[in-house]
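Asker: Here's a structure for you.
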Amino acid sequence: MEDAYGHRIAYLRVSITDRCNERCRYCMPEELQEWLPREDILSYEEILRVIRVGTGLGIRKVRITGGEPLTRRNVLDFFRAVNTIDGIEDIGVSTNGTLLASEPEETGITMAQHLVNAGVRTANVSLDTLDPEIYRQTTGRDYFDRVLQGLDAAKAAGFESIKLNAVLMRDSNEDQLVAMIRFAHERGLLLRFIELMPVSTTDVLKDERFLATGSAKKLIESEFGSLTPRPEYKTNGPASYYEVPGMDGQLIGFIGAMTNLHFCENCNKLRLTCDGKLRPCLGSYLEFDMKEVLRHPDVTDNDIAAFFQHVVDRKPKEHDFRNDYTPNRKMIAIGG
Ligand code: SAM
Ligand code: SF4
């Protein structure tokens, strides 16, 4: 599938739940969280059908996210089923890491190992700080140690790549950036710094909190010296990568949705929300109701394929975050 601007769509980010065991300040809305009713959430069978049809249209990579995807019941069976779909070359998971060291299915095997055994190649783990108290304030939970154990479990499990994702926040983790680079280096992890995006209605998303990737880069360079751009290093996303001098080739990435004007140039992604909306872009109001199509009694795979193309044809050239964007949905219900 190709959109009107020549973006070749090969990547589907799939949220399987809006529920989470944490309460990150930049992700959850201020008002009391209410979960979506169960019947509004796509079943695993429905999601698998969407992915299967997507592969016929060129989808090659899926990343499973949420909410916290590892909290959904029978999630391992779901991953195993994704892995049997012809055409899927790469399966990833985005997680807060708190459950990676848990031992589901009472087998004495960690969740991380089960995921690798189920064919998951890459894990993106969110960790914004190395300070347990700031972690508690940011996520609303005292799970810092669990995440460290989760990272150890992920390392032991043998994912092809583990990325640490840290959301940049002034007055919260700006003094942690250097320590986080050393932490990532010691553990052989790829670290990415992400600009706060207006994807929820929380007071954390105030201008005073915003720390641009350019400012973070300067803070890092004042410790390590000039970072070397590594434009040839590409993962499947919009991060710009740099090598940190004197750190054995350690790479760090910056995801600057707000300040990088080239951010959308190579976008190859669609998102499926847990309640079945197909979104052509995270930072746009556009979303299209795939669930209605899927739940139509006579729906054929061709109908689903036509719907995919309908959405791709409407993919915007770039996101709208810089235009006073007010989210119509919370991040936790879209899937980061
Ligand atoms: N629960 C998983 C996790 O925390 O990684 C997966 C879902 S979470 C919504 C996916 C990513 O979105 C996380 O890395 C999180 O930090 C990021 N995120 C959430 N709200 C954000 C915001 N307002 N700005 C930038 N990134 C955000
Ligand atoms: Fe949960 Fe992830 Fe959102 Fe934090 S960022 S509240 S862990 S979904």
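By convention in this document, the chains of the structure tokens carry letters A, B, ... by their order, each chain's residues are numbered from 1, and ligands are numbered from 1 in the order they are shown.
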Using only C-alpha atoms, determine which residues lie at most 9 Å from Tyr11 (chain A), disregarding the query and same-chain residues fewer than 6 positions distant; provide the list as JSON, numbers by chain.

Answerer: {"A": [58, 59, 60, 61, 62, 63, 236, 268, 269, 270, 271]}

Asker: Next, the residues of the selection above should be written as an mmCIF file, in the first residue's frame with N, CA, C and O atoms.

Answerer:
data_model
loop_
_atom_site.group_PDB
_atom_site.id
_atom_site.type_symbol
_atom_site.label_atom_id
_atom_site.label_comp_id
_atom_site.auth_asym_id
_atom_site.auth_seq_id
_atom_site.Cartn_x
_atom_site.Cartn_y
_atom_site.Cartn_z
ATOM 1 N N GLY A 58 0.946 -5.802 2.148
ATOM 2 C CA GLY A 58 2.318 -5.319 2.330
ATOM 3 C C GLY A 58 2.741 -5.072 3.777
ATOM 4 O O GLY A 58 3.874 -4.641 4.019
ATOM 5 N N ILE A 59 1.862 -5.331 4.727
ATOM 6 C CA ILE A 59 2.293 -5.184 6.131
ATOM 7 C C ILE A 59 3.292 -6.303 6.433
ATOM 8 O O ILE A 59 3.015 -7.485 6.206
ATOM 9 N N ARG A 60 4.463 -5.916 6.936
ATOM 10 C CA ARG A 60 5.510 -6.889 7.233
ATOM 11 C C ARG A 60 5.911 -6.871 8.712
ATOM 12 O O ARG A 60 6.495 -7.807 9.216
ATOM 13 N N LYS A 61 5.635 -5.750 9.348
ATOM 14 C CA LYS A 61 6.017 -5.638 10.756
ATOM 15 C C LYS A 61 4.806 -5.259 11.593
ATOM 16 O O LYS A 61 4.023 -4.391 11.189
ATOM 17 N N VAL A 62 4.670 -5.907 12.751
ATOM 18 C CA VAL A 62 3.666 -5.452 13.708
ATOM 19 C C VAL A 62 4.353 -5.210 15.045
ATOM 20 O O VAL A 62 5.306 -5.905 15.403
ATOM 21 N N ARG A 63 3.888 -4.181 15.733
ATOM 22 C CA ARG A 63 4.330 -3.954 17.109
ATOM 23 C C ARG A 63 3.085 -3.943 17.964
ATOM 24 O O ARG A 63 2.126 -3.235 17.663
ATOM 25 N N ASN A 236 12.805 0.986 12.439
ATOM 26 C CA ASN A 236 11.568 1.169 11.688
ATOM 27 C C ASN A 236 10.820 2.441 12.046
ATOM 28 O O ASN A 236 9.676 2.615 11.678
ATOM 29 N N ASN A 268 5.938 4.922 7.683
ATOM 30 C CA ASN A 268 5.431 3.730 6.985
ATOM 31 C C ASN A 268 4.368 3.014 7.819
ATOM 32 O O ASN A 268 4.177 1.821 7.699
ATOM 33 N N LYS A 269 3.669 3.766 8.659
ATOM 34 C CA LYS A 269 2.910 3.157 9.741
ATOM 35 C C LYS A 269 1.417 3.459 9.700
ATOM 36 O O LYS A 269 1.000 4.544 9.321
ATOM 37 N N LEU A 270 0.646 2.460 10.146
ATOM 38 C CA LEU A 270 -0.768 2.652 10.485
ATOM 39 C C LEU A 270 -0.944 2.162 11.913
ATOM 40 O O LEU A 270 -0.168 1.322 12.379
ATOM 41 N N ARG A 271 -1.992 2.631 12.568
ATOM 42 C CA ARG A 271 -2.271 2.157 13.934
ATOM 43 C C ARG A 271 -3.675 1.594 14.004
ATOM 44 O O ARG A 271 -4.615 2.196 13.478
#

Asker: Can you tell me which residues surround Ile252 (chain A) at a distance of at most 8 Å, considering only C-alpha atoms, apart from same-chain residues fewer than 3 positions away, and format the answer as a ChimeraX atom specification?

Answerer: /A:181,190-193,241-244

Asker: Now that the selection is made, can you save its residues with C-alpha atoms as a PDB file, in the first residue's frame?

Answerer:
ATOM      1  CA  ILE A 181      23.206   6.802  28.678  1.00  0.00           C
ATOM      2  CA  LEU A 190      19.634   1.231  22.599  1.00  0.00           C
ATOM      3  CA  LEU A 191      18.314   4.346  24.308  1.00  0.00           C
ATOM      4  CA  ARG A 192      15.900   6.818  22.719  1.00  0.00           C
ATOM      5  CA  PHE A 193      14.759  10.142  24.080  1.00  0.00           C
ATOM      6  CA  TYR A 241      20.511   8.312  15.824  1.00  0.00           C
ATOM      7  CA  TYR A 242      23.856   9.561  17.096  1.00  0.00           C
ATOM      8  CA  GLU A 243      26.986   7.907  18.420  1.00  0.00           C
ATOM      9  CA  VAL A 244      28.187   8.963  21.867  1.00  0.00           C
TER      10      VAL A 244
END

Asker: Chain A near ligand 2 within 9 Å: what's each residue's closest atom pair and its distance in Å to one decimal, counting only C-alpha atoms and all ligand atoms, ordered by chain then ascending residue number, as CSV?

Answerer:
residue,atom,partner,partner_atom_place_in_ligand_line,distance
A:Asp18,CA,ligand 2,8 (S),7.4
A:Arg19,CA,ligand 2,8 (S),7.3
A:Cys20,CA,ligand 2,1 (Fe),4.7
A:Asn21,CA,ligand 2,1 (Fe),6.3
A:Glu22,CA,ligand 2,1 (Fe),4.8
A:Arg23,CA,ligand 2,6 (S),4.2
A:Cys24,CA,ligand 2,6 (S),4.0
A:Arg25,CA,ligand 2,6 (S),7.2
A:Tyr26,CA,ligand 2,5 (S),7.3
A:Cys27,CA,ligand 2,3 (Fe),4.6
A:Met28,CA,ligand 2,6 (S),5.6
A:Thr65,CA,ligand 2,8 (S),8.1
A:Gly66,CA,ligand 2,8 (S),5.7
A:Gly67,CA,ligand 2,8 (S),3.6
A:Glu68,CA,ligand 2,8 (S),5.0
A:Pro69,CA,ligand 2,8 (S),8.3
A:Ser94,CA,ligand 2,2 (Fe),8.2
A:Thr95,CA,ligand 2,2 (Fe),6.6
A:Asn96,CA,ligand 2,7 (S),4.8
A:Gly97,CA,ligand 2,7 (S),8.4
A:Thr98,CA,ligand 2,7 (S),8.6
A:Ser126,CA,ligand 2,2 (Fe),7.2
A:Thr138,CA,ligand 2,4 (Fe),8.5
A:Thr139,CA,ligand 2,4 (Fe),6.0
A:Gly140,CA,ligand 2,6 (S),8.6
A:Met331,CA,ligand 2,3 (Fe),6.9
A:Ile332,CA,ligand 2,8 (S),5.0
A:Ala333,CA,ligand 2,8 (S),8.4
A:Gly335,CA,ligand 2,8 (S),7.3
A:Gly336,CA,ligand 2,8 (S),7.4

Asker: Which residue gives the smallest distance to ligand 1 among A:Pro132, A:Pro37, A:Pro104, A:Gly256, with only C-alpha atoms and all ligand atoms counted?

Answerer: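 For ligand 1, the nearest of the given residues is A:Gly256.
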
Asker: Which is closest to Val53 (chain A) among A:Arg279, A:Asp301, A:Ile41, A:His185, if we use only C-alpha atoms?

Answerer: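 Nearest to Val53 (chain A): A:Asp301.
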
Asker: Just the number, please: distance in Å from CA of Ala184 (chain A) to CA of Val116 (chain A), one decimal.

Answerer: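 Interatomic distance, CA of Ala184 (chain A) to CA of Val116 (chain A): 20.7 Å.
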
Asker: Find the residues near Phe210 (chain A): any atom within 8 Å, counting only C-alpha atoms, skip ones fewer than 3 places away on the same chain, and give them as a count of residues only.

Answerer: 8

Asker: Mind the document's chain letters and residue numbers, and return as a ChimeraX atom specification the residues of region 184-255 of chain A that DSSP labels strand (DSSP E or B).

Answerer: /A:190-194,210,228-229,240-243,251-255

Asker: Counting only C-alpha atoms and all ligand atoms, figure out which residue out of A:Val199, A:Leu189, A:Ala154, A:Val147 gets nearest to ligand 1.

Answerer: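 For ligand 1, the nearest of the candidates is A:Val199.
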
Asker: What does the distance between CA of Arg80 (chain A) and CA of Leu36 (chain A) come to in Å, to one decimal place?

Answerer: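 Going from CA of Arg80 (chain A) over to CA of Leu36 (chain A), I get 25.3 Å.
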
Asker: Region 112-114 of chain A: which residues within 9 Å, counting only C-alpha atoms, same-chain residues fewer than 6 positions away excluded, as JSON, numbers by chain?

Answerer: {"A": [76, 99, 100, 101, 102, 103, 104, 120, 123, 150, 151, 153, 154, 155, 156, 157, 158, 159]}

Asker: Based on the backbone DSSP call, show me all residues of region 177-304 of chain A assigned helix (DSSP H, G or I), as a ChimeraX atom specification.

Answerer: /A:177-187,203-205,207-209,213-224,290-294,301-304

Asker: Would you pick out the contacts of Arg314 (chain A) at 8 Å or less, using only C-alpha atoms, so that residues sharing its chain but fewer than 6 positions from it are not included, and give the list as a ChimeraX atom specification?

Answerer: /A:3-4,280

Asker: Mind writing the picked residues with all heavy atoms as a PDB file, in the first residue's frame?

Answerer:
ATOM      1  N   ASP A   3       0.626   5.604   0.120  1.00  0.00           N
ATOM      2  CA  ASP A   3      -0.310   6.714   0.316  1.00  0.00           C
ATOM      3  C   ASP A   3      -0.093   7.779  -0.761  1.00  0.00           C
ATOM      4  O   ASP A   3       0.743   7.624  -1.662  1.00  0.00           O
ATOM      5  CB  ASP A   3      -0.212   7.284   1.740  1.00  0.00           C
ATOM      6  CG  ASP A   3       1.060   8.089   1.962  1.00  0.00           C
ATOM      7  OD1 ASP A   3       1.830   8.286   1.002  1.00  0.00           O
ATOM      8  OD2 ASP A   3       1.281   8.529   3.101  1.00  0.00           O
ATOM      9  N   ALA A   4      -0.837   8.881  -0.638  1.00  0.00           N
ATOM     10  CA  ALA A   4      -0.804   9.916  -1.672  1.00  0.00           C
ATOM     11  C   ALA A   4       0.553  10.613  -1.743  1.00  0.00           C
ATOM     12  O   ALA A   4       0.841  11.321  -2.711  1.00  0.00           O
ATOM     13  CB  ALA A   4      -1.899  10.943  -1.382  1.00  0.00           C
ATOM     14  N   PRO A 280      -4.514   6.584  10.502  1.00  0.00           N
ATOM     15  CA  PRO A 280      -3.393   6.748   9.589  1.00  0.00           C
ATOM     16  C   PRO A 280      -2.229   7.512  10.212  1.00  0.00           C
ATOM     17  O   PRO A 280      -1.127   7.503   9.670  1.00  0.00           O
ATOM     18  CB  PRO A 280      -3.995   7.541   8.422  1.00  0.00           C
ATOM     19  CG  PRO A 280      -5.183   8.243   8.991  1.00  0.00           C
ATOM     20  CD  PRO A 280      -5.681   7.407  10.132  1.00  0.00           C
TER      21      PRO A 280
END

Asker: Could you give me, as a ChimeraX atom specification, the residues within 12 Å of Gly246 (chain A), counting only C-alpha atoms and dropping anything in the same chain fewer than 3 positions from it?

Answerer: /A:181-182,185,221,223-228,243,249-251

Asker: Write the selection just made, keeping all heavy atoms, as a short mmCIF file (atom, residue, chain, number, x, y, z; two decimals), in the first residue's frame?

Answerer:
data_model
loop_
_atom_site.label_atom_id
_atom_site.label_comp_id
_atom_site.auth_asym_id
_atom_site.auth_seq_id
_atom_site.Cartn_x
_atom_site.Cartn_y
_atom_site.Cartn_z
N ILE A 181 22.34 7.27 29.77
CA ILE A 181 23.21 6.80 28.68
C ILE A 181 24.20 5.77 29.23
O ILE A 181 24.43 4.71 28.64
CB ILE A 181 23.93 7.99 28.01
CG1 ILE A 181 22.90 8.84 27.26
CG2 ILE A 181 25.03 7.51 27.08
CD1 ILE A 181 23.43 10.15 26.71
N ARG A 182 24.77 6.07 30.38
CA ARG A 182 25.73 5.11 30.98
C ARG A 182 25.02 3.79 31.32
O ARG A 182 25.55 2.70 31.11
CB ARG A 182 26.37 5.70 32.24
CG ARG A 182 27.21 6.94 31.97
CD ARG A 182 28.14 7.25 33.14
NE ARG A 182 28.64 8.61 33.08
CZ ARG A 182 29.59 9.04 32.25
NH1 ARG A 182 30.14 8.21 31.40
NH2 ARG A 182 29.97 10.30 32.26
N HIS A 185 24.45 1.88 28.17
CA HIS A 185 25.73 1.37 27.68
C HIS A 185 26.15 0.12 28.45
O HIS A 185 26.52 -0.90 27.87
CB HIS A 185 26.77 2.49 27.82
CG HIS A 185 28.14 2.09 27.38
ND1 HIS A 185 29.23 2.15 28.21
CD2 HIS A 185 28.59 1.59 26.21
CE1 HIS A 185 30.30 1.72 27.57
NE2 HIS A 185 29.93 1.39 26.35
N GLU A 221 25.83 16.65 25.21
CA GLU A 221 27.13 17.01 24.63
C GLU A 221 28.01 17.73 25.64
O GLU A 221 29.23 17.66 25.57
CB GLU A 221 26.91 17.85 23.37
CG GLU A 221 26.37 16.97 22.23
CD GLU A 221 26.25 17.69 20.90
OE1 GLU A 221 25.94 18.90 20.92
OE2 GLU A 221 26.45 17.03 19.85
N GLU A 223 28.50 16.86 28.50
CA GLU A 223 29.20 15.81 29.25
C GLU A 223 30.15 15.01 28.35
O GLU A 223 31.30 14.77 28.70
CB GLU A 223 28.16 14.87 29.88
CG GLU A 223 28.75 13.64 30.55
CD GLU A 223 29.44 13.93 31.87
OE1 GLU A 223 29.20 15.02 32.45
OE2 GLU A 223 30.24 13.07 32.33
N PHE A 224 29.66 14.62 27.18
CA PHE A 224 30.42 13.66 26.36
C PHE A 224 31.16 14.31 25.19
O PHE A 224 31.94 13.64 24.52
CB PHE A 224 29.47 12.60 25.78
CG PHE A 224 28.86 11.70 26.81
CD1 PHE A 224 27.54 11.87 27.20
CD2 PHE A 224 29.60 10.69 27.40
CE1 PHE A 224 26.96 11.03 28.15
CE2 PHE A 224 29.03 9.85 28.35
CZ PHE A 224 27.72 10.02 28.72
N GLY A 225 30.89 15.56 24.87
CA GLY A 225 31.41 16.15 23.64
C GLY A 225 30.42 15.91 22.50
O GLY A 225 29.38 15.27 22.69
N SER A 226 30.80 16.41 21.30
CA SER A 226 29.86 16.37 20.17
C SER A 226 29.41 14.95 19.82
O SER A 226 30.25 14.06 19.67
CB SER A 226 30.50 16.96 18.93
OG SER A 226 30.67 18.32 19.12
N LEU A 227 28.12 14.78 19.66
CA LEU A 227 27.58 13.50 19.22
C LEU A 227 27.78 13.39 17.71
O LEU A 227 27.69 14.38 16.99
CB LEU A 227 26.08 13.43 19.54
CG LEU A 227 25.69 13.54 21.01
CD1 LEU A 227 24.16 13.54 21.16
CD2 LEU A 227 26.29 12.41 21.83
N THR A 228 28.07 12.19 17.24
CA THR A 228 28.27 11.99 15.80
C THR A 228 26.98 11.48 15.17
O THR A 228 26.49 10.42 15.56
CB THR A 228 29.36 10.91 15.57
OG1 THR A 228 30.44 11.19 16.45
CG2 THR A 228 29.82 10.87 14.14
N GLU A 243 26.04 8.70 17.64
CA GLU A 243 26.99 7.91 18.42
C GLU A 243 27.55 8.79 19.54
O GLU A 243 27.86 9.96 19.32
CB GLU A 243 28.11 7.44 17.50
CG GLU A 243 28.94 6.35 18.10
CD GLU A 243 29.96 5.83 17.08
OE1 GLU A 243 29.59 5.54 15.92
OE2 GLU A 243 31.13 5.73 17.49
N GLY A 249 30.91 3.05 20.69
CA GLY A 249 29.90 3.01 19.63
C GLY A 249 28.46 3.07 20.13
O GLY A 249 27.54 2.82 19.37
N GLN A 250 28.29 3.38 21.40
CA GLN A 250 26.92 3.47 21.94
C GLN A 250 26.08 4.46 21.13
O GLN A 250 26.48 5.61 20.92
CB GLN A 250 26.96 3.92 23.40
CG GLN A 250 25.60 4.24 24.02
CD GLN A 250 24.78 2.98 24.34
OE1 GLN A 250 25.33 1.95 24.70
NE2 GLN A 250 23.47 3.07 24.20
N LEU A 251 24.92 3.99 20.68
CA LEU A 251 24.01 4.85 19.93
C LEU A 251 22.90 5.36 20.84
O LEU A 251 22.43 4.62 21.71
CB LEU A 251 23.36 4.09 18.78
CG LEU A 251 24.24 3.68 17.62
CD1 LEU A 251 23.41 2.88 16.62
CD2 LEU A 251 24.85 4.90 16.94
#

Asker: For Asp289 (chain A), list every protein, DNA or RNA residue within 9 Å, evaluated using only C-alpha atoms, and leave out those in the same chain fewer than 2 positions away; present the list as a list in words.

Answerer: Asp275, Gly276, Lys277, Leu278, Arg279, Glu287, Lys291, Glu292 and Val293 of chain A
